Structure formats: C-alpha cells, structure tokens
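Data file: input_25.txt. Format and content: compact mmCIF, C-alpha atoms and all ligand atoms.
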```
# COMPACT_ATOMS: atom_id res chain seq x y z
CA MET A 7 73.38 -15.93 -141.90
CA LYS A 8 73.73 -17.16 -145.49
CA PRO A 9 70.44 -17.64 -147.38
CA THR A 10 69.50 -21.26 -148.03
CA VAL A 11 69.42 -22.33 -151.67
CA LEU A 12 68.12 -25.69 -152.87
CA LEU A 13 70.03 -27.20 -155.79
CA LEU A 14 67.73 -29.69 -157.54
CA ASN A 15 70.25 -30.79 -160.19
CA PRO A 16 74.05 -30.89 -160.15
CA ILE A 17 75.99 -27.94 -161.55
CA LEU A 18 78.98 -29.33 -163.46
CA ILE A 19 81.28 -26.29 -163.33
CA PRO A 20 83.44 -26.37 -160.15
CA ALA A 21 83.90 -22.57 -160.02
CA ILE A 22 80.12 -22.05 -160.04
CA ASN A 23 79.70 -24.59 -157.23
CA ASP A 24 82.45 -22.85 -155.23
CA GLU A 25 80.70 -19.51 -155.65
CA LEU A 26 77.35 -20.98 -154.64
CA ASP A 27 78.93 -22.49 -151.53
CA ALA A 28 80.70 -19.24 -150.67
CA LEU A 29 77.50 -17.20 -150.83
CA TYR A 30 74.78 -19.59 -149.72
CA ASN A 31 73.91 -22.49 -147.52
CA VAL A 32 73.45 -24.91 -150.44
CA VAL A 33 71.21 -27.94 -149.95
CA ARG A 34 71.96 -30.49 -152.67
CA TYR A 35 68.64 -32.28 -153.23
CA PHE A 36 70.05 -34.83 -155.68
CA GLN A 37 72.51 -36.15 -153.09
CA HIS A 38 69.80 -37.23 -150.65
CA ASP A 39 67.75 -40.41 -150.75
CA ASP A 40 65.02 -39.24 -148.40
CA LYS A 41 63.92 -36.11 -150.25
CA ASP A 42 60.76 -35.72 -148.23
CA ALA A 43 62.73 -35.59 -144.97
CA LEU A 44 65.17 -33.12 -146.53
CA ILE A 45 62.38 -30.71 -147.42
CA ARG A 46 60.76 -31.20 -144.01
CA GLU A 47 64.07 -30.13 -142.46
CA HIS A 48 64.96 -27.21 -144.78
CA GLY A 49 61.74 -26.25 -146.60
CA ALA A 50 60.88 -23.32 -144.34
CA SER A 51 64.29 -21.68 -144.78
CA ILE A 52 64.77 -22.17 -148.53
CA ARG A 53 64.76 -18.80 -150.30
CA GLY A 54 66.23 -19.78 -153.66
CA VAL A 55 66.04 -22.82 -155.93
CA VAL A 56 68.32 -23.76 -158.82
CA THR A 57 66.89 -26.33 -161.22
CA GLY A 58 67.51 -27.64 -164.74
CA GLY A 59 65.38 -26.80 -167.76
CA HIS A 60 64.17 -30.37 -168.02
CA ALA A 61 63.66 -30.91 -164.27
CA GLY A 62 61.89 -27.62 -163.53
CA ILE A 63 59.92 -27.45 -160.29
CA LYS A 64 56.32 -28.32 -159.53
CA GLN A 65 53.82 -26.39 -157.46
CA ALA A 66 53.74 -29.12 -154.78
CA LEU A 67 57.43 -28.60 -154.00
CA MET A 68 57.24 -24.80 -154.09
CA GLU A 69 54.28 -25.00 -151.68
CA ARG A 70 56.64 -26.51 -149.11
CA MET A 71 58.92 -23.46 -149.30
CA PRO A 72 57.00 -20.50 -147.86
CA ALA A 73 60.04 -18.19 -148.01
CA LEU A 74 60.88 -18.92 -151.65
CA GLN A 75 61.81 -15.76 -153.59
CA VAL A 76 63.54 -16.96 -156.72
CA VAL A 77 63.77 -20.06 -158.94
CA ALA A 78 66.82 -19.86 -161.22
CA VAL A 79 66.40 -22.27 -164.12
CA ASN A 80 69.80 -23.42 -165.38
CA GLY A 81 68.40 -23.73 -168.90
CA VAL A 82 65.97 -22.09 -171.31
CA GLY A 83 62.94 -24.38 -171.15
CA SER A 84 60.37 -23.33 -168.56
CA ASP A 85 57.79 -25.99 -169.49
CA ALA A 86 58.56 -28.00 -166.35
CA VAL A 87 58.01 -25.06 -163.96
CA ASP A 88 54.53 -24.24 -162.66
CA LEU A 89 54.83 -20.63 -163.79
CA ASP A 90 51.26 -19.62 -162.91
CA TYR A 91 51.74 -20.73 -159.33
CA ALA A 92 55.13 -18.98 -159.06
CA ARG A 93 53.54 -15.83 -160.49
CA SER A 94 50.69 -15.99 -157.99
CA ARG A 95 53.25 -15.91 -155.16
CA GLY A 96 55.48 -13.29 -156.77
CA ILE A 97 58.35 -15.77 -157.07
CA HIS A 98 60.85 -14.73 -159.75
CA VAL A 99 61.60 -17.49 -162.28
CA SER A 100 64.70 -16.79 -164.36
CA ALA A 101 66.13 -18.71 -167.31
CA THR A 102 69.47 -18.61 -169.10
CA LEU A 103 68.07 -17.22 -172.35
CA GLY A 104 70.74 -16.70 -174.97
CA ALA A 105 73.52 -18.58 -173.19
CA LEU A 106 73.05 -21.94 -174.86
CA THR A 107 71.80 -20.93 -178.32
CA ASP A 108 74.96 -21.75 -180.28
CA ASP A 109 75.64 -25.08 -178.60
CA VAL A 110 72.11 -26.35 -179.07
CA ALA A 111 72.15 -25.30 -182.73
CA ASP A 112 75.54 -27.01 -183.16
CA MET A 113 74.09 -30.19 -181.67
CA ALA A 114 71.14 -30.08 -184.10
CA ILE A 115 73.54 -29.93 -187.05
CA GLY A 116 75.73 -32.63 -185.50
CA LEU A 117 72.76 -34.94 -185.03
CA LEU A 118 71.49 -34.35 -188.54
CA ILE A 119 74.87 -35.12 -190.09
CA ALA A 120 75.29 -38.09 -187.76
CA ALA A 121 71.88 -39.45 -188.76
CA CYS A 122 72.00 -38.91 -192.51
CA ARG A 123 75.69 -39.84 -192.93
CA GLY A 124 75.49 -42.79 -190.51
CA LEU A 125 78.36 -41.48 -188.36
CA CYS A 126 77.49 -43.58 -185.31
CA THR A 127 77.10 -46.71 -187.43
CA GLY A 128 80.45 -46.03 -189.10
CA ASP A 129 82.08 -45.51 -185.72
CA ARG A 130 80.70 -48.81 -184.43
CA TYR A 131 81.80 -50.54 -187.64
CA VAL A 132 85.42 -49.44 -187.25
CA ARG A 133 85.51 -49.77 -183.47
CA GLY A 134 84.03 -53.26 -183.51
CA GLY A 135 86.60 -54.51 -185.99
CA ASP A 136 84.03 -55.23 -188.72
CA TRP A 137 85.80 -53.08 -191.33
CA ALA A 138 88.88 -55.27 -191.32
CA LYS A 139 86.75 -58.42 -191.29
CA SER A 140 84.50 -57.65 -194.23
CA PRO A 141 86.09 -55.50 -196.96
CA PRO A 142 85.00 -54.05 -199.32
CA PRO A 143 82.71 -51.67 -197.39
CA ALA A 144 79.66 -53.53 -196.16
CA LEU A 145 77.86 -50.41 -195.03
CA PRO A 146 75.06 -48.96 -197.15
CA LEU A 147 75.63 -45.59 -198.80
CA ALA A 148 74.53 -42.62 -196.71
CA ARG A 149 72.51 -39.50 -197.57
CA ARG A 150 73.91 -36.02 -198.35
CA PHE A 151 73.27 -33.19 -195.88
CA SER A 152 74.49 -30.25 -198.00
CA GLY A 153 71.62 -28.84 -200.01
CA MET A 154 68.85 -30.59 -198.06
CA ARG A 155 65.51 -28.85 -197.71
CA VAL A 156 65.39 -28.14 -193.97
CA GLY A 157 62.18 -27.40 -192.08
CA ILE A 158 62.62 -25.77 -188.67
CA VAL A 159 59.84 -26.06 -186.11
CA GLY A 160 60.10 -22.97 -183.88
CA LEU A 161 62.15 -20.01 -185.06
CA GLY A 162 63.22 -18.62 -181.70
CA ARG A 163 66.85 -18.03 -180.76
CA VAL A 164 67.86 -21.68 -181.31
CA GLY A 165 65.78 -22.08 -184.48
CA ARG A 166 67.40 -19.00 -186.00
CA ALA A 167 70.90 -20.24 -185.09
CA ILE A 168 70.08 -23.56 -186.76
CA ALA A 169 68.91 -21.66 -189.83
CA THR A 170 72.15 -19.68 -190.21
CA ARG A 171 74.15 -22.89 -189.90
CA THR A 172 72.08 -24.84 -192.42
CA ALA A 173 72.24 -21.85 -194.82
CA ALA A 174 76.02 -22.28 -194.84
CA PHE A 175 75.47 -25.85 -196.06
CA GLY A 176 73.43 -24.60 -199.01
CA CYS A 177 70.14 -25.80 -197.54
CA ALA A 178 66.79 -24.30 -198.49
CA ILE A 179 65.16 -23.24 -195.22
CA SER A 180 61.49 -23.20 -194.29
CA TYR A 181 59.99 -22.85 -190.85
CA THR A 182 56.81 -22.91 -188.89
CA ASP A 183 55.98 -20.82 -185.84
CA LEU A 184 52.92 -19.20 -184.31
CA LYS A 185 53.08 -16.63 -187.11
CA ALA A 186 55.32 -15.53 -189.98
CA LEU A 187 58.30 -13.48 -188.82
CA ASP A 188 59.08 -10.42 -190.88
CA ASP A 189 62.79 -10.16 -190.06
CA VAL A 190 63.96 -13.46 -191.59
CA PRO A 191 64.53 -14.48 -195.22
CA TYR A 192 63.19 -18.02 -194.77
CA THR A 193 59.93 -19.45 -196.10
CA PHE A 194 57.08 -19.55 -193.59
CA VAL A 195 54.79 -22.58 -193.75
CA ALA A 196 51.89 -22.37 -191.32
CA ASP A 197 50.91 -26.02 -191.52
CA LEU A 198 53.24 -28.55 -189.91
CA VAL A 199 52.21 -31.42 -192.21
CA GLN A 200 52.90 -29.25 -195.24
CA LEU A 201 56.27 -28.19 -193.78
CA ALA A 202 57.18 -31.85 -193.27
CA GLN A 203 56.07 -32.68 -196.82
CA GLU A 204 58.32 -29.97 -198.24
CA SER A 205 61.38 -30.89 -196.09
CA ASP A 206 64.12 -33.53 -196.22
CA ALA A 207 64.88 -32.88 -192.56
CA LEU A 208 62.56 -31.55 -189.88
CA ILE A 209 64.39 -29.96 -186.93
CA LEU A 210 62.51 -29.34 -183.69
CA ALA A 211 63.51 -26.21 -181.79
CA ALA A 212 60.16 -25.22 -180.34
CA ALA A 213 59.16 -24.54 -176.74
CA ALA A 214 57.08 -27.41 -175.40
CA ASP A 215 54.85 -25.51 -172.98
CA LYS A 216 51.75 -26.05 -175.09
CA ALA A 217 52.95 -28.07 -178.08
CA GLY A 218 53.05 -31.67 -176.75
CA GLY A 219 52.71 -34.49 -179.30
CA ILE A 220 52.76 -32.28 -182.41
CA ILE A 221 55.04 -34.72 -184.27
CA ASN A 222 52.70 -37.63 -184.93
CA ALA A 223 52.16 -40.27 -187.62
CA ALA A 224 50.64 -37.78 -190.06
CA VAL A 225 53.65 -35.43 -189.81
CA LEU A 226 56.12 -38.32 -190.09
CA ASP A 227 54.34 -39.73 -193.13
CA ALA A 228 54.47 -36.29 -194.71
CA LEU A 229 58.23 -36.15 -194.02
CA GLY A 230 58.43 -39.42 -195.90
CA LYS A 231 60.76 -42.36 -196.44
CA ASP A 232 63.79 -40.17 -197.29
CA GLY A 233 63.21 -37.72 -194.43
CA PHE A 234 65.05 -37.22 -191.11
CA LEU A 235 63.66 -35.97 -187.80
CA ILE A 236 65.98 -34.06 -185.44
CA ASN A 237 64.94 -33.09 -181.89
CA VAL A 238 66.98 -30.78 -179.65
CA ALA A 239 63.94 -29.26 -177.92
CA ARG A 240 61.79 -31.53 -175.76
CA GLY A 241 60.92 -35.21 -176.08
CA LYS A 242 57.26 -34.55 -175.42
CA LEU A 243 56.93 -32.70 -178.74
CA VAL A 244 57.10 -36.12 -180.41
CA ASN A 245 54.69 -39.02 -180.13
CA GLU A 246 57.47 -41.57 -179.52
CA THR A 247 55.31 -44.56 -180.41
CA ASP A 248 54.48 -43.02 -183.78
CA LEU A 249 58.17 -42.24 -184.31
CA ILE A 250 59.26 -45.80 -183.52
CA ASP A 251 56.57 -47.21 -185.84
CA ALA A 252 57.63 -44.87 -188.67
CA LEU A 253 61.33 -45.69 -188.25
CA ARG A 254 60.69 -49.41 -187.97
CA ALA A 255 58.58 -49.48 -191.12
CA GLY A 256 61.01 -47.27 -193.07
CA ARG A 257 58.32 -44.60 -193.42
CA ILE A 258 61.04 -42.07 -192.49
CA ALA A 259 64.77 -42.55 -193.10
CA GLY A 260 66.20 -41.78 -189.67
CA ALA A 261 66.33 -39.54 -186.62
CA GLY A 262 68.78 -37.64 -184.43
CA LEU A 263 67.53 -37.25 -180.87
CA ASP A 264 68.97 -35.41 -177.88
CA VAL A 265 65.73 -35.42 -175.89
CA PHE A 266 63.12 -38.05 -175.04
CA ALA A 267 59.65 -38.33 -173.57
CA ASP A 268 60.74 -40.02 -170.31
CA GLU A 269 64.41 -39.18 -169.70
CA PRO A 270 66.68 -40.92 -168.91
CA HIS A 271 64.64 -43.86 -170.20
CA VAL A 272 65.00 -44.33 -173.94
CA PRO A 273 62.81 -47.01 -175.56
CA ASP A 274 64.76 -50.17 -176.46
CA ALA A 275 63.44 -49.93 -180.00
CA LEU A 276 65.23 -46.60 -180.53
CA ARG A 277 68.41 -47.86 -178.89
CA GLN A 278 68.56 -50.77 -181.31
CA MET A 279 68.00 -48.88 -184.56
CA GLU A 280 71.03 -48.13 -186.72
CA CYS A 281 69.26 -45.25 -188.47
CA VAL A 282 68.99 -43.27 -185.24
CA ALA A 283 71.72 -41.10 -183.64
CA LEU A 284 71.20 -40.67 -179.90
CA GLN A 285 72.51 -38.24 -177.27
CA PRO A 286 71.72 -38.09 -173.52
CA HIS A 287 70.23 -34.53 -173.48
CA ARG A 288 73.61 -32.90 -173.86
CA ALA A 289 73.04 -30.09 -176.33
CA SER A 290 74.13 -27.39 -173.88
CA ALA A 291 76.77 -29.50 -172.16
CA THR A 292 79.98 -27.67 -173.01
CA ILE A 293 82.30 -26.02 -170.51
CA GLU A 294 81.79 -22.65 -172.21
CA THR A 295 78.00 -22.73 -172.19
CA ARG A 296 77.56 -24.28 -168.77
CA THR A 297 79.93 -21.62 -167.36
CA ALA A 298 77.89 -18.85 -168.98
CA MET A 299 74.66 -20.45 -167.74
CA GLY A 300 76.07 -20.82 -164.22
CA GLU A 301 77.03 -17.16 -164.15
CA MET A 302 73.50 -16.19 -165.16
CA VAL A 303 72.11 -18.43 -162.41
CA LEU A 304 74.38 -16.72 -159.85
CA ALA A 305 73.31 -13.27 -161.04
CA SER A 306 69.61 -14.19 -160.88
CA LEU A 307 69.93 -15.62 -157.38
CA ALA A 308 71.80 -12.54 -156.18
CA ARG A 309 69.12 -10.17 -157.47
CA GLY A 310 66.17 -12.33 -156.45
CA LEU A 311 67.46 -12.80 -152.91
CA ALA A 312 68.14 -9.06 -152.64
CA GLY A 313 64.45 -8.45 -153.37
CA LEU A 314 65.16 -7.30 -156.94
CA ARG A 315 63.80 -8.62 -160.22
CA PRO A 316 66.41 -10.77 -162.03
CA GLU A 317 67.40 -9.39 -165.42
CA ILE A 318 65.29 -12.14 -167.01
CA SER A 319 62.17 -13.12 -165.11
CA LEU A 320 59.36 -15.11 -166.67
CA THR A 321 56.90 -14.44 -163.86
CA THR A 322 57.46 -11.00 -162.37
C1 LIG B 401 69.63 -27.57 -170.05
C2 LIG B 401 67.49 -27.74 -171.30
O1 LIG B 401 70.91 -27.37 -170.39
O2 LIG B 401 67.78 -25.41 -171.45
C3 LIG B 401 67.02 -26.33 -171.32
O3 LIG B 401 65.80 -26.15 -171.19
O4 LIG B 401 66.74 -28.63 -171.37
C4 LIG B 401 68.90 -28.10 -171.24
O5 LIG B 401 69.50 -27.76 -172.43
C5 LIG B 401 69.55 -28.58 -168.95
O6 LIG B 401 68.32 -28.42 -168.35
C6 LIG B 401 70.66 -28.41 -167.95
O7 LIG B 401 70.28 -27.69 -166.86
```

Written as structure tokens, how would this file's structure read?
Amino acid sequence: MKPTVLLLNPILIPAINDELDALYNVVRYFQHDDKDALIREHGASIRGVVTGGHAGIKQALMERMPALQVVAVNGVGSDAVDLDYARSRGIHVSATLGALTDDVADMAIGLLIAACRGLCTGDRYVRGGDWAKSPPPALPLARRFSGMRVGIVGLGRVGRAIATRTAAFGCAISYTDLKALDDVPYTFVADLVQLAQESDALILAAAADKAGGIINAAVLDALGKDGFLINVARGKLVNETDLIDALRAGRIAGAGLDVFADEPHVPDALRQMECVALQPHRASATIETRTAMGEMVLASLARGLAGLRPEISLTT
C-alpha cells in the first residue's frame, strides 16, 4: 500500500505532482473545506507532510498524526514549524536549503529597483493612459540604485547572494548578523540602528525564528527620509504599523515588500502608497526554482519514509 502524504499547500509544478501521486496516496488539505473531518479520517495513516515555508505546521496538527515520520518543507524558512515538538518525536523536518537562493536575491534587487526608480508607478502611468494625457512627464524624478550604500540584515545564503548582486551595481555593502563573518569582504555592523543609519537601502534576508519586530520606528528613523526598506524574508521581522507611519510621514522614502505580517492580507495603507512596490510572496516562484525545490521535497520524503535521515534535516 502506498504511504499517505498530506499536502498542506499546492505544488505548482505538474511533474512533481505526478510523481507524488505515483508514489503516494496524496491527501490535498487545501482542497477540502472541512479540514477537521479530513484529519479525523486520514490523520492516523499520514506518514509524510509537505508544507510551505510560510505555512509550516503546528504541534496541534502533528499531534493528530501518530505515524508521522517526515515533514518536507517546500521552502527554507522553518519559523512556522514547531521544531522542538518534531524533534521530541524524532520526526525529520527537511527544507530546500540552497534551491531558492538566487531567485530570492533576484527579487530583492528587483524590488529595490522597483521602489527607488518608481517602476510600478511608471507602469501604472503608461498603462492608465496618463502619459498621453499630461505631457511633459508629470512623475517626480526617481532615486538612483547604482552606488547606493546597502545594508543587509542576515548574511546567510540569500544575504550573500544579494551582496554579490549589489556589488555589481557599485554599492557599498554592510551587514548585520549574529556575529561578524570572517569569509566576506563586507563591513560588519553589530547594531541594527547604526546599520540603518549608514545605509540608503536596508534589505532583510534574516531568518525570523527569533527576530520578530526588529524593524521598528527607531530603525526606520535611522534609515531616514531618503532610505528604502526591502523585505524578502518574513513579514513578522517588521513592525508593520511603524512602517506605515514612517512611509506616510515621509520619514523613509519607500519600500519593496514580498512578505507581510498577515499574508495574504496586506494593509490598505500599503496598497495605496505609490512609494511602495508590492509582491504576493513570490520570491521563489519561478519554474526553475520550484522544480528544484519539488525534487528536494521528493528526495526528503523518500528517505524519511524509508526510515532514513533526509540529506537536510533540521530536527534529527
Ligand atoms: C517558499 C518561503 O517558496 O522558503 C520559504 O521559506 O517562504 C517561500 O519562499 C514558499 O513557502 C513556497 O512553499
């Protein structure tokens, strides 16, 4: 009999879905309205779970799956998984480390250019017919990206990939992390407020397991009226109320956001601001990366269900 695997979020690559269906009895959680009844029916037989980085899985749901052996996170963030509980039961929790690095870094650069050059505003201006109606250009001048002083919060895989990209744009790069890293040529700044003060753009690439709310009014004020905030990590790193206040009052110049505190709900205030470029948590959403991630998920499930440790396990 095929092992039962619970899919908490859709996988968008058809070939990965086909492979999952060929190997497992796949229960697609997101397709069912009565989720409680679904788990009552299948909970006892579920041996594997596939979830997204943002969705994760809580202890309460894992508790209803006594045969659970492996949780394959289709993403790199593990902040939404109750890792201690999984560890206590010997459940492997894998993540797709490395697979999405380049795409997430690309998105950070895209959002920064979009925010400081007003790309979304320009697009709306042309698309809405305003250009033809009101020549000469009625849009304000934008800000230059090349040569900006960039501060990176979290110099893990994604942070480093952002650094190499910004270096190619002639940017001066500083970063903060738990400690200075001795294998990078960038300037370490321990204090986040000081990093913000010395940066034209602050780019968030940190894990959010323990760092909730670190971007607050003090950090935004240090970034200053010409500064941009870019977030491709987790919404909860930012105090969204403080961010909205700072943007509204012109205490920072703009923001580029792929992630939010309460996805998919984005505050109206942010949706209405021209100085903000928005994305619906899509930094890893390319065919290439989602295929690579899906293959890692398949490999982790195969090993976990065979009683072996997946190549990457955060708990075992
Ligand atoms: C994932 C993410 O791609 O990797 C993460 O932690 O948040 C995303 O980039 C998303 O969870 C899709 O599964």

>> As a quick test: using only C-alpha atoms and all ligand atoms, which residues lie no more than 7 Å away from ligand LIG 401 (chain B)? Give them as a VMD selection string.
In response: chain A and resid 57 to 61 80 to 84 287 to 291

Go ahead and write the selection's residues with C-alpha atoms as a tab-separated table (two decimals), in the coordinates of the input.
```tsv
chain	number	residue	atom	x	y	z
A	57	THR	CA	66.89	-26.33	-161.22
A	58	GLY	CA	67.51	-27.64	-164.74
A	59	GLY	CA	65.38	-26.80	-167.76
A	60	HIS	CA	64.17	-30.37	-168.02
A	61	ALA	CA	63.66	-30.91	-164.27
A	80	ASN	CA	69.80	-23.42	-165.38
A	81	GLY	CA	68.40	-23.73	-168.90
A	82	VAL	CA	65.97	-22.09	-171.31
A	83	GLY	CA	62.94	-24.38	-171.15
A	84	SER	CA	60.37	-23.33	-168.56
A	287	HIS	CA	70.23	-34.53	-173.48
A	288	ARG	CA	73.61	-32.90	-173.86
A	289	ALA	CA	73.04	-30.09	-176.33
A	290	SER	CA	74.13	-27.39	-173.88
A	291	ALA	CA	76.77	-29.50	-172.16
```

> Taking (61.1, -27.4, -186.9) in the file's coordinates, which residues come within 7 Å, counting only C-alpha atoms, written as number ranges by chain?
Replying inline: A: 157-160, 181-182, 208-212

>> Just want the 9 Å neighbourhood of stretch 276-279 of chain A, counted on all atoms listed in the file, with same-chain residues fewer than 2 positions away dropped. Output as number ranges by chain.
In response: A: 250, 253-254, 260, 272-274, 281-284

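With only C-alpha atoms as the atoms that count, the minimum distance from A:Ile19 to the choices A:Ala121, A:Val265, A:Leu307, A:Ala298 is reached by A:Ala298.
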
>> For a test of reading the model, state the distance in Å between atom CA of A:Ala252 and atom CA of A:Gly230, rounded to one decimal.
In response: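 Computed distance, atom CA of A:Ala252 to atom CA of A:Gly230, equals 9.1 Å.
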
So that each row is one residue of stretch 213-276 of chain A with an atom at most 8 Å from stretch 186-199 of chain A, can you give its shortest atom pair and the distance in Å to one decimal, using all atoms listed in the file, rows by chain and rising number, as CSV?
```
residue,atom,partner,partner_atom,distance
A:Ala224,CA,A:Val199,CA,6.9
A:Val225,CA,A:Val199,CA,4.9
A:Ala228,CA,A:Val199,CA,5.9
A:Leu229,CA,A:Val199,CA,7.9
```

>> Env of A:Leu243: 8 Å cut, atoms = all atoms listed in the file, seq-sep filter 2 positions within chain, self excluded. Answer as a PyMOL selection string.
In response: chain A and resi 214+217-221+239-241+245

> Do you know which residues lie at most 8 Å from (73.7, -23.3, -184.9), with coordinates as in the file and all atoms listed in the file counted, and could you write them as a list in words?
Replying inline: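 Residues satisfying the cut-off, written out: Thr107, Asp108, Asp109, Val110, Ala111, Asp112, Met113, Ala114, Ile115, Val164, Arg166, Ala167, Ile168, Ala169, Thr170, Arg171 and Thr172 of chain A.
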
>> Measuring between all atoms listed in the file, which one of A:Val99, A:Leu118, A:Ala144, A:Leu249 shows the shortest distance to A:Asp227?
In response: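 Of the candidates, the smallest distance to A:Asp227 is held by A:Leu249.
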
> Looking at A:Lys185, A:Arg150, A:Arg34, A:Lys8, which one is nearest to A:Ser51, with distances taken over all atoms listed in the file?
Replying inline: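 The shortest atom-to-atom distance to A:Ser51 comes from A:Lys8.
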
For stretch 66-75 of chain A, I'd like the enclosing box, axis-aligned and padded by 3 Å on every side, reported as AutoDock Vina command-line options with centre and edge lengths in Å to one decimal.
```
--center_x 57.8 --center_y -22.4 --center_z -151.3 --size_x 14.1 --size_y 19.4 --size_z 12.9
```

> Looking at only C-alpha atoms, which of A:Ala101, A:Val32, A:Ala305, A:Ala50 is the one that sits closest to A:Ala73?
Replying inline: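 Looking only at the distances to A:Ala73, the closest residue turns out to be A:Ala50.
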
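Using all atoms listed in the file, the nearest neighbour of A:Leu74 within the list A:Ala120, A:Ala213, A:Ala223, A:Val11 is A:Val11.
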
Quick one: everything within 6 Å of A:Ile236, counting all atoms listed in the file, minus sequence neighbours fewer than 5 positions away in the same chain. Send it as a CSV table (one decimal) with C-alpha atoms, in the coordinates of the input.
```csv
chain,number,residue,atom,x,y,z
A,209,ILE,CA,64.4,-30.0,-186.9
A,261,ALA,CA,66.3,-39.5,-186.6
A,262,GLY,CA,68.8,-37.6,-184.4
A,263,LEU,CA,67.5,-37.2,-180.9
```

>> Please report the interatomic distance between atom CA of A:Phe151 and atom CA of A:Glu246 in Å with one decimal.
In response: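 According to the coordinates, atom CA of A:Phe151 and atom CA of A:Glu246 are separated by 24.2 Å.
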
>> Considering all atoms listed in the file, can you say which of A:Leu201, A:Val303, A:Cys126, A:Leu106 comes closest to A:Asp183?
In response: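 The closest residue to A:Asp183 is A:Leu201.
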
>> Give me the residues near stretch 44-49 of chain A as a PyMOL selection string, where near means some atom within 12 Å (using only C-alpha atoms) and where sequence neighbours in that chain fewer than 5 positions away do not count.
In response: chain A and resi 9-14+31-39+54-55+66-74

> Can you tell me how far atom CA of A:Ser205 sits from atom CA of A:Val156, in Å to one decimal?
Replying inline: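 Calculated distance between atom CA of A:Ser205 and atom CA of A:Val156 is 5.3 Å.
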